[in-house]
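J.: First, the structure itself, so that you have it in front of you.
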Amino acid sequence: MIGPWILGVSYSHNGAACLLHGDELVVAIQEERLSGIKRARIDHYQESLAVRYCLAHAGITLGDIDVLVACHFSVASPPAQSLVHATAAPPKRYLTIPHHLGHAHAAFATSGLPSAVVLIVDGQGGAIAHLPPHERTPLKRGVVPGLVQESEVISIYRASTTEMTLLEKHAGDWMPTYRQMTASKDTRSLQQFGSLGGMYSAVSALIFGDAMEAGKVMGLAPYGTPTFPVEAFLSIDDDGCFHYSDRLLAVHRDLAPWPANRDTFVDLAASTQAALEHALVYLARRARELGGSDRLCYAGGVALNSVANELLCTTLGFTDVHIMPAAEDSGAAIGAAFYGLRALGGTHRFGHRAGNDSVGRPYSSAEITATIARIPYLEVVPADDVLDQTVSLLCDGKIVGWFEGRSELGPRSLGQRSILCDARRPDGKAVLNDRVKHRESFRPFAPVILRHEIENWFDVAPGWGESPYMLRVCTFKPEKRDAVPAVVHVDGTGRVQTVTADANGRLFQLVERFGQRTGVPILLNTSFNLAGEPIIETPEDALFCMLGTGVDAVVLDGTIVRKTAAHRSLLQLYPRILARRVRLSHAIEGGNLDLSIRGDAEVSVELDTAHGPLTTRLRPSDLGILRVCDGVRDGYQIVDVLGRASTEAIEAYEAYVARRLYHLRRAHVIALREEPAA
């Protein structure tokens with residue numbers, strides 16, 4: 001490859017790094033895939049595992065980088081000087097861009113289009129006060145009761161291969177009075193919001209105790225009825241300014257969390273979805289009017305709402321809609337890198353839109369073979385034809401992990417790091433949740449289907465049969481729903497992924513073989529992880545996920561691996577601490593120092609990973625487990641020691657300890673060995 005080395009970094013709660021060589025995307029990765037901590041941040045004062053991963057894959061150092069572009073929420077902040085050790089040579093040039101501009105460049109650069117209008121919608125972007133002049137004109141200010149800070153929350157751009165021009169920006173606020181809610185609180189109240197993403201986050205925090213679980217609200221919405229009008233959430237005045245209402249705050253106060261108040265919450269979720277769709281339809285029409293284009297690129301966290309996406313794709317007259325798979329903050333790393341390419345006088349290629357999202361580094365056959373050999377309780381399944389053998393496993397009701405090539409960047413598993421099941425099983429969703437995912441029963445799983453079969457199974461508008469990134473929700477044909485009950489949502493829809501031979505290779509072949517044998521060219525596809533954990537990245541991650549769950553087999557780049565008959569649980573293994581240091585921070589109340597491990601303590605751990613040093617946080621309760629992880633006791637002995645003080649049934653407590661050991665291994669805090677330490 002010829003061209004400059006360009007590194008883009010998204011400084012965010014969902015941080016990521018992306019490396020370009022000229023206009024070729026060499027590699028990109030989310031910090032969470034490497035740290036093992038969901039939505040791991042990249043901050044200016046910390047080293048980044050994602051940056052190290054990208055540089056190591058390319059075989060270069062930071063000093064070889066021609067330009068490093070930092071995309072973050074405040075351009076007043078200096079670029080990180082500690083991306084690698086201070087002794088390393090710095091990049092030749094630093095640039096800094098605001099958050100929404102990073103999203104915009106990412107959406108357009110990955111579209112393959114020569115020109116388009118670009119819409120960015122999220123909970124909160126960069127602070128308006130810190131944006132450069134060309135990024136805050138023209139500006140529309142939202143009206144938010146209790147506004148504390150103004151941020152970019154909506155942006156519309158006109159894009160071509162030579163320009164990215166702001167057409168309109170909306171200022172608002174995410175959740176001005178937000179106070180952290182935890183699952184331990186008995187009741188919760190709806191918080192004020194000042195953006196479309198903030199609206200969804202406020203409802204998520206009320207129902208589930210976590211403002212970052214907006215996807216759960218989307219899954220819950222079809223169970224309810226929109227009982228609250230759009231005006232109870234927001235209105236748009238004649239000048240196009242958003243007015244965010246606080247009318248519902250008094251209605252939703254001091255409520256017990258889900259699963260209590262089911263009827264109230266399902267109707268609130270449905271009403272929130274309806275309000276979001278109303279606003280997005282307005283914005284898409286506004287974007288088309290301002291940009292003078294019938295081609296739309298769309299990104300930002302709100303762009304992961306696949307129900308609303310279907311409206312934008314098929315009802316507003318656009319001839320092309322590109323929603324990048326990493327629509328949330330990790331994708332801004334790609335935008336930062338392509339901004340750097342433009343700054344150096346280059347342009348991205350157009351005319352080609354990638355059909356998949358495989359941008360992580362590949363793992364060689366030798367790496368996979370060595371990993372299988374060093375992990376206990378595993379065996380390779382002999383197979384003359386791996387695809388046929390995998391189809392047989394699926395038809396037998398087995399849960400299969402699918403590890404293929406380079407990992408995805410965004411939050412959707414698209415066949416590189418997936419769990420696959422037979423969609424024909426009526427109990428498929430329940431079994432998968434019980435044995436592996438442990439998700440709420442109302443959340444649907446996605447169908448993956450051969451692209452040329454979608455019109456036979458779904459009601460799709462002519463010319464809109466492609467959904468390669470699992471970012472659209474389509475309606476199953478009524479006569480087909482009973483054939484694939486495991487992937488049909490309560491409203492008869494599915495968050496569909498279409499696959500082709502060119503874009504999806506062996507996954508396409510697998511779905512095709514399954515269809516040939518069963519007459520159903522559809523499989524259930526979900527992310528290769530446990531609820532609350534990042535999607536797996538490495539072969540070791542994949543195999544330990546199988547050992548710690550009810551996954552029956554894993555196919556790693558064409559090799560089928562399963563658990564041996566001797567395997568019972570992760571508790572058979574011997575945990576040994578790898579972390580170097582633990583820090584415990586306590587608040588002192590009333591002048592009295594209490595060093596007992598309380599739930600409000602902050603626990604940080606310093607450790608080393610394959611990609612560099614890491615400081616991470618743990619639950620205070622994990623310290624109790626770590627205290628007895630001496631490498632001599634196995635998991636069952638740890639349960640025996642700790643379980644004497646537990647009021648839970650022994651089986652439930654064993655499951656709890658096994659889950660925490662899985663998390664601690666994924667977060668690099670412990671190793672799990674087959675034999676006790678000498």
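Chain identifiers are assigned as A, B, and so on, following the order in which chains appear in the structure tokens; residues are numbered from 1 within each chain, and ligands are numbered from 1 in order of appearance.
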Using only C-alpha atoms, find each residue of region 141-253 of chain A with at least one atom at most 12 Å away from an atom of region 280-304 of chain A; report its shortest atom-to-atom pair and that distance in Å (one decimal), sort the rows by chain and rising residue number, and return the result as a tab-separated table.

T.:
```
residue	atom	partner	partner_atom	distance
A:Glu152	CA	A:Gly300	CA	11.4
A:Val153	CA	A:Gly300	CA	9.3
A:Ile154	CA	A:Leu283	CA	8.8
A:Ser155	CA	A:Ala287	CA	9.2
A:Ile156	CA	A:Ala287	CA	6.2
A:Tyr157	CA	A:Gly291	CA	7.3
A:Arg158	CA	A:Gly291	CA	5.6
A:Ala159	CA	A:Gly291	CA	8.7
A:Ser160	CA	A:Gly291	CA	11.1
A:Met164	CA	A:Gly291	CA	11.3
A:Thr165	CA	A:Gly291	CA	9.7
A:Leu166	CA	A:Gly291	CA	9.8
A:Leu167	CA	A:Leu290	CA	6.8
A:Glu168	CA	A:Leu290	CA	8.4
A:Lys169	CA	A:Ala287	CA	11.0
A:His170	CA	A:Leu283	CA	10.8
A:Ser195	CA	A:Val302	CA	10.3
A:Leu196	CA	A:Val302	CA	7.5
A:Gly197	CA	A:Val302	CA	5.9
A:Gly198	CA	A:Val302	CA	9.7
A:Met199	CA	A:Val302	CA	10.4
A:Tyr200	CA	A:Val302	CA	8.8
A:Ser201	CA	A:Val302	CA	10.3
A:Met212	CA	A:Gly301	CA	10.2
A:Glu213	CA	A:Gly301	CA	11.4
A:Ala214	CA	A:Val302	CA	9.1
A:Gly215	CA	A:Leu304	CA	8.1
A:Lys216	CA	A:Leu304	CA	11.8
A:Met218	CA	A:Leu304	CA	9.9
A:Ser235	CA	A:Tyr282	CA	10.9
A:Ile236	CA	A:Tyr282	CA	9.0
A:Asp237	CA	A:Tyr282	CA	11.6
A:Asp239	CA	A:Arg286	CA	11.6
A:Gly240	CA	A:Arg286	CA	9.0
A:Cys241	CA	A:Leu283	CA	11.0
A:Phe242	CA	A:Leu283	CA	10.7
```

J.: Now that the selection is made, can you save its residues with N, CA and C atoms as a compact mmCIF listing (two decimals), in the first residue's frame?

T.:
```txt
# COMPACT_ATOMS: atom_id res chain seq x y z
N GLU A 152 -24.19 19.91 20.94
CA GLU A 152 -24.76 19.54 19.65
C GLU A 152 -25.51 18.24 19.83
N VAL A 153 -26.76 18.20 19.36
CA VAL A 153 -27.57 16.98 19.48
C VAL A 153 -28.11 16.53 18.13
N ILE A 154 -28.16 17.43 17.15
CA ILE A 154 -28.58 17.11 15.78
C ILE A 154 -27.71 17.93 14.84
N SER A 155 -27.20 17.31 13.79
CA SER A 155 -26.44 18.04 12.78
C SER A 155 -26.82 17.53 11.40
N ILE A 156 -26.88 18.45 10.46
CA ILE A 156 -27.16 18.12 9.06
C ILE A 156 -26.05 18.70 8.20
N TYR A 157 -25.45 17.87 7.35
CA TYR A 157 -24.34 18.28 6.50
C TYR A 157 -24.65 17.96 5.04
N ARG A 158 -23.97 18.67 4.15
CA ARG A 158 -23.91 18.29 2.74
C ARG A 158 -22.50 17.76 2.49
N ALA A 159 -22.41 16.57 1.91
CA ALA A 159 -21.11 15.92 1.75
C ALA A 159 -20.85 15.56 0.31
N SER A 160 -19.60 15.69 -0.09
CA SER A 160 -19.13 15.18 -1.36
C SER A 160 -17.70 14.70 -1.15
N MET A 164 -17.36 18.88 3.21
CA MET A 164 -18.32 18.50 4.23
C MET A 164 -18.80 19.81 4.84
N THR A 165 -20.01 20.23 4.49
CA THR A 165 -20.50 21.55 4.85
C THR A 165 -21.67 21.43 5.79
N LEU A 166 -21.59 22.12 6.93
CA LEU A 166 -22.70 22.14 7.87
C LEU A 166 -23.87 22.95 7.31
N LEU A 167 -25.05 22.36 7.33
CA LEU A 167 -26.25 23.05 6.87
C LEU A 167 -27.12 23.51 8.02
N GLU A 168 -27.09 22.75 9.12
CA GLU A 168 -27.90 23.13 10.28
C GLU A 168 -27.46 22.30 11.48
N LYS A 169 -27.39 22.95 12.64
CA LYS A 169 -27.06 22.25 13.88
C LYS A 169 -28.07 22.64 14.95
N HIS A 170 -28.47 21.66 15.75
CA HIS A 170 -29.40 21.89 16.84
C HIS A 170 -28.67 21.71 18.16
N SER A 195 -32.71 16.12 24.32
CA SER A 195 -32.32 15.64 23.00
C SER A 195 -33.12 14.38 22.71
N LEU A 196 -33.10 13.95 21.46
CA LEU A 196 -33.83 12.73 21.11
C LEU A 196 -33.16 11.51 21.77
N GLY A 197 -31.85 11.49 21.76
CA GLY A 197 -31.15 10.41 22.46
C GLY A 197 -31.38 10.49 23.95
N GLY A 198 -31.43 11.72 24.49
CA GLY A 198 -31.69 11.90 25.91
C GLY A 198 -33.08 11.44 26.30
N MET A 199 -34.04 11.65 25.41
CA MET A 199 -35.41 11.20 25.65
C MET A 199 -35.44 9.68 25.84
N TYR A 200 -34.79 8.96 24.96
CA TYR A 200 -34.76 7.51 25.06
C TYR A 200 -33.97 7.07 26.30
N SER A 201 -32.87 7.78 26.59
CA SER A 201 -32.06 7.44 27.76
C SER A 201 -32.83 7.66 29.05
N MET A 212 -28.04 3.84 29.47
CA MET A 212 -27.39 3.36 28.25
C MET A 212 -28.08 2.14 27.65
N GLU A 213 -29.23 1.74 28.16
CA GLU A 213 -29.92 0.55 27.65
C GLU A 213 -31.12 0.92 26.79
N ALA A 214 -30.91 1.90 25.89
CA ALA A 214 -32.01 2.36 25.05
C ALA A 214 -32.55 1.24 24.14
N GLY A 215 -31.68 0.31 23.76
CA GLY A 215 -32.14 -0.79 22.91
C GLY A 215 -33.21 -1.63 23.56
N LYS A 216 -33.19 -1.73 24.87
CA LYS A 216 -34.24 -2.48 25.57
C LYS A 216 -35.59 -1.78 25.42
N MET A 218 -36.57 0.00 22.90
CA MET A 218 -37.04 -0.28 21.54
C MET A 218 -37.66 -1.67 21.46
N SER A 235 -42.09 19.08 20.86
CA SER A 235 -42.78 19.74 19.75
C SER A 235 -41.74 20.48 18.93
N ILE A 236 -42.09 20.79 17.71
CA ILE A 236 -41.17 21.49 16.80
C ILE A 236 -41.88 22.74 16.32
N ASP A 237 -41.29 23.91 16.59
CA ASP A 237 -41.98 25.15 16.25
C ASP A 237 -41.78 25.50 14.77
N ASP A 239 -40.03 27.62 13.35
CA ASP A 239 -38.64 27.88 12.97
C ASP A 239 -37.79 26.61 12.98
N GLY A 240 -38.41 25.48 13.29
CA GLY A 240 -37.68 24.22 13.29
C GLY A 240 -36.92 23.94 14.56
N CYS A 241 -37.20 24.68 15.63
CA CYS A 241 -36.54 24.44 16.91
C CYS A 241 -37.32 23.40 17.72
N PHE A 242 -36.59 22.54 18.41
CA PHE A 242 -37.21 21.50 19.23
C PHE A 242 -37.49 22.06 20.63
```

J.: Give me the residues near Ala221 (chain A) as a tab-separated table (two decimals) with N, CA, C and O atoms, in the first residue's frame, where near means some atom within 6 Å (using only C-alpha atoms) and where sequence neighbours in that chain fewer than 2 positions away do not count.

T.:
```tsv
chain	number	residue	atom	x	y	z
A	218	MET	N	-36.57	0.00	22.90
A	218	MET	CA	-37.04	-0.28	21.54
A	218	MET	C	-37.66	-1.67	21.46
A	218	MET	O	-38.70	-1.87	20.82
A	219	GLY	N	-37.04	-2.66	22.12
A	219	GLY	CA	-37.59	-4.00	22.11
A	219	GLY	C	-38.88	-4.12	22.89
A	219	GLY	O	-39.74	-4.95	22.56
A	223	TYR	N	-44.83	-4.14	22.69
A	223	TYR	CA	-45.76	-4.75	23.63
A	223	TYR	C	-46.81	-3.77	24.13
A	223	TYR	O	-47.78	-4.17	24.77
A	224	GLY	N	-46.60	-2.47	23.88
A	224	GLY	CA	-47.50	-1.46	24.42
A	224	GLY	C	-48.24	-0.69	23.35
A	224	GLY	O	-48.16	-0.97	22.15
A	266	VAL	N	-44.66	-0.55	29.30
A	266	VAL	CA	-44.77	-0.91	27.89
A	266	VAL	C	-45.45	0.22	27.11
A	266	VAL	O	-45.08	0.51	25.96
A	269	ALA	N	-42.89	3.03	26.71
A	269	ALA	CA	-41.92	2.68	25.67
A	269	ALA	C	-42.52	2.88	24.29
A	269	ALA	O	-41.86	3.43	23.39
A	270	ALA	N	-43.76	2.44	24.09
A	270	ALA	CA	-44.42	2.61	22.79
A	270	ALA	C	-44.60	4.09	22.47
A	270	ALA	O	-44.43	4.52	21.32
```

J.: Restricting the calculation to only C-alpha atoms: of A:Ala366, A:Ala336, A:Ala129, A:Leu409, which residue gets closest to Leu101 (chain A)?

T.: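 With only C-alpha atoms as the atom set, the closest residue is A:Ala336.
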
J.: Pick the closest to Leu113 (chain A) from A:Asp320, A:Asp357, A:Asp422, A:Glu602: which is it, counting only C-alpha atoms?

T.: A:Asp320

J.: With only C-alpha atoms as the counted atoms, please give the residues lying no more than 10 Å from region 38-44 of chain A, apart from itself and same-chain residues fewer than 2 positions off, as a PyMOL selection string.

T.: chain A and resi 9-17+30-36+46-51+70+72+77-83+212+329-330+531-535+616+667

J.: Between A:Val490, A:Leu190, A:Val520, A:Val27, single out the one closest to Pro257 (chain A), counting only C-alpha atoms.

T.: A:Leu190

J.: Among region 146-325 of chain A, which ones does DSSP assign to alpha helix (DSSP H) (computed from the backbone)? Answer as a PyMOL selection string.

T.: chain A and resi 196-208+214-220+262-291+306-314

J.: Could you work out how far CA of Glu654 (chain A) lies from CA of Val669 (chain A), giving the answer in Å with one decimal?

T.: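 These atoms are spaced 19.6 Å apart.
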
J.: Neighbouring residues of region 497-499 of chain A were defined as those with any atom within 6 Å, considering only C-alpha atoms; residues of the same chain fewer than 2 positions away were excluded. Please report them as a list in words.

T.: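 My reading of the contact set: Val448, Ile449, Leu450, Arg451, Ser467, Pro468, Met470, Asn504 and Phe508 of chain A.
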
J.: Excluding region 276-278 of chain A and any residue of its chain fewer than 5 positions from it, enumerate the residues within 8 Å of it, using only C-alpha atoms, and give them as a list in words.

T.: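 These residues fall inside the cut-off: Leu196, Val230, Ala308 and Leu311 of chain A.
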
J.: Once DSSP has gone over the backbone, tell me which residues of region 525-608 of chain A are in strand (DSSP E or B), as an MDAnalysis selection string.

T.: chainID A and resid 525:527 553:556 559:563 574:577 581:585 589 592 602:608

J.: Just to be explicit: take each residue in the selection above, keep N, CA, C and O atoms, and write the result as a CSV table (one decimal), in the first residue's frame.

T.:
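To be explicit, this is the file written out as out_10.csv:
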```csv
chain,number,residue,atom,x,y,z
A,525,ASN,N,-29.4,-15.2,14.6
A,525,ASN,CA,-28.0,-14.6,14.7
A,525,ASN,C,-28.0,-13.6,15.9
A,525,ASN,O,-28.8,-12.6,15.8
A,526,THR,N,-27.2,-13.8,16.9
A,526,THR,CA,-27.1,-12.9,18.0
A,526,THR,C,-25.6,-12.7,18.3
A,526,THR,O,-24.8,-13.5,17.9
A,527,SER,N,-25.3,-11.7,19.1
A,527,SER,CA,-23.9,-11.4,19.4
A,527,SER,C,-23.3,-12.5,20.3
A,527,SER,O,-23.9,-13.0,21.2
A,553,ALA,N,-21.0,-25.7,20.8
A,553,ALA,CA,-19.8,-25.8,19.9
A,553,ALA,C,-19.4,-24.5,19.4
A,553,ALA,O,-20.3,-23.6,19.3
A,554,VAL,N,-18.2,-24.3,19.0
A,554,VAL,CA,-17.7,-23.1,18.4
A,554,VAL,C,-17.0,-23.5,17.1
A,554,VAL,O,-16.2,-24.4,17.1
A,555,VAL,N,-17.3,-22.8,16.0
A,555,VAL,CA,-16.7,-23.0,14.7
A,555,VAL,C,-15.7,-21.8,14.6
A,555,VAL,O,-16.1,-20.6,14.4
A,556,LEU,N,-14.4,-22.1,14.7
A,556,LEU,CA,-13.4,-21.1,14.6
A,556,LEU,C,-12.7,-21.2,13.2
A,556,LEU,O,-11.9,-22.0,13.0
A,559,THR,N,-12.8,-24.7,12.0
A,559,THR,CA,-12.5,-25.8,12.9
A,559,THR,C,-13.6,-25.8,14.0
A,559,THR,O,-13.9,-24.8,14.6
A,560,ILE,N,-14.3,-27.0,14.1
A,560,ILE,CA,-15.3,-27.2,15.1
A,560,ILE,C,-14.7,-27.6,16.4
A,560,ILE,O,-14.0,-28.6,16.5
A,561,VAL,N,-15.0,-26.9,17.5
A,561,VAL,CA,-14.5,-27.3,18.8
A,561,VAL,C,-15.7,-27.4,19.8
A,561,VAL,O,-16.7,-26.6,19.7
A,562,ARG,N,-15.7,-28.4,20.6
A,562,ARG,CA,-16.7,-28.6,21.6
A,562,ARG,C,-16.1,-28.9,23.0
A,562,ARG,O,-14.9,-29.2,23.1
A,563,LYS,N,-17.0,-28.9,24.0
A,563,LYS,CA,-16.5,-29.3,25.4
A,563,LYS,C,-16.4,-30.8,25.5
A,563,LYS,O,-17.2,-31.5,24.9
A,574,TYR,N,-9.0,-23.2,38.2
A,574,TYR,CA,-8.3,-22.6,39.3
A,574,TYR,C,-8.0,-21.1,39.0
A,574,TYR,O,-7.2,-20.9,38.2
A,575,PRO,N,-8.7,-20.2,39.7
A,575,PRO,CA,-8.5,-18.8,39.4
A,575,PRO,C,-7.2,-18.3,40.0
A,575,PRO,O,-6.9,-18.6,41.2
A,576,ARG,N,-6.4,-17.6,39.3
A,576,ARG,CA,-5.2,-17.0,39.8
A,576,ARG,C,-5.2,-15.5,39.4
A,576,ARG,O,-5.4,-15.1,38.2
A,577,ILE,N,-4.9,-14.6,40.3
A,577,ILE,CA,-4.9,-13.2,40.1
A,577,ILE,C,-3.7,-12.8,39.2
A,577,ILE,O,-2.6,-13.1,39.5
A,581,ARG,N,-2.2,-4.4,41.1
A,581,ARG,CA,-2.5,-3.5,42.2
A,581,ARG,C,-4.0,-3.3,42.3
A,581,ARG,O,-4.7,-3.2,41.2
A,582,VAL,N,-4.6,-3.2,43.5
A,582,VAL,CA,-6.0,-2.9,43.6
A,582,VAL,C,-6.1,-1.7,44.5
A,582,VAL,O,-5.3,-1.5,45.5
A,583,ARG,N,-6.9,-0.7,44.2
A,583,ARG,CA,-7.1,0.5,45.0
A,583,ARG,C,-8.6,0.5,45.4
A,583,ARG,O,-9.5,0.4,44.6
A,584,LEU,N,-8.8,0.8,46.7
A,584,LEU,CA,-10.2,0.8,47.2
A,584,LEU,C,-10.4,2.2,47.8
A,584,LEU,O,-9.6,2.7,48.6
A,585,SER,N,-11.4,2.9,47.3
A,585,SER,CA,-11.7,4.3,47.7
A,585,SER,C,-13.0,4.3,48.4
A,585,SER,O,-14.1,3.9,47.9
A,589,GLU,N,-17.8,9.2,56.3
A,589,GLU,CA,-19.0,9.8,56.7
A,589,GLU,C,-19.0,10.0,58.2
A,589,GLU,O,-18.7,9.1,59.0
A,592,ASN,N,-16.0,9.1,60.6
A,592,ASN,CA,-15.7,7.7,61.0
A,592,ASN,C,-15.2,7.0,59.8
A,592,ASN,O,-15.8,7.0,58.7
A,602,GLU,N,-15.4,2.5,45.6
A,602,GLU,CA,-14.9,2.4,44.3
A,602,GLU,C,-13.6,1.6,44.3
A,602,GLU,O,-12.7,1.8,45.0
A,603,VAL,N,-13.6,0.6,43.4
A,603,VAL,CA,-12.5,-0.4,43.3
A,603,VAL,C,-11.9,-0.2,41.9
A,603,VAL,O,-12.6,-0.4,40.9
A,604,SER,N,-10.6,0.1,41.9
A,604,SER,CA,-9.9,0.1,40.6
A,604,SER,C,-8.7,-0.9,40.7
A,604,SER,O,-8.1,-1.1,41.7
A,605,VAL,N,-8.4,-1.5,39.5
A,605,VAL,CA,-7.4,-2.5,39.5
A,605,VAL,C,-6.4,-2.2,38.4
A,605,VAL,O,-6.8,-1.8,37.2
A,606,GLU,N,-5.1,-2.3,38.7
A,606,GLU,CA,-4.1,-2.0,37.7
A,606,GLU,C,-3.6,-3.4,37.2
A,606,GLU,O,-3.3,-4.3,38.0
A,607,LEU,N,-3.5,-3.6,35.9
A,607,LEU,CA,-3.1,-4.9,35.3
A,607,LEU,C,-2.4,-4.7,34.0
A,607,LEU,O,-2.4,-3.6,33.4
A,608,ASP,N,-1.9,-5.8,33.4
A,608,ASP,CA,-1.3,-5.8,32.1
A,608,ASP,C,-2.2,-6.7,31.2
A,608,ASP,O,-2.7,-7.7,31.6
```
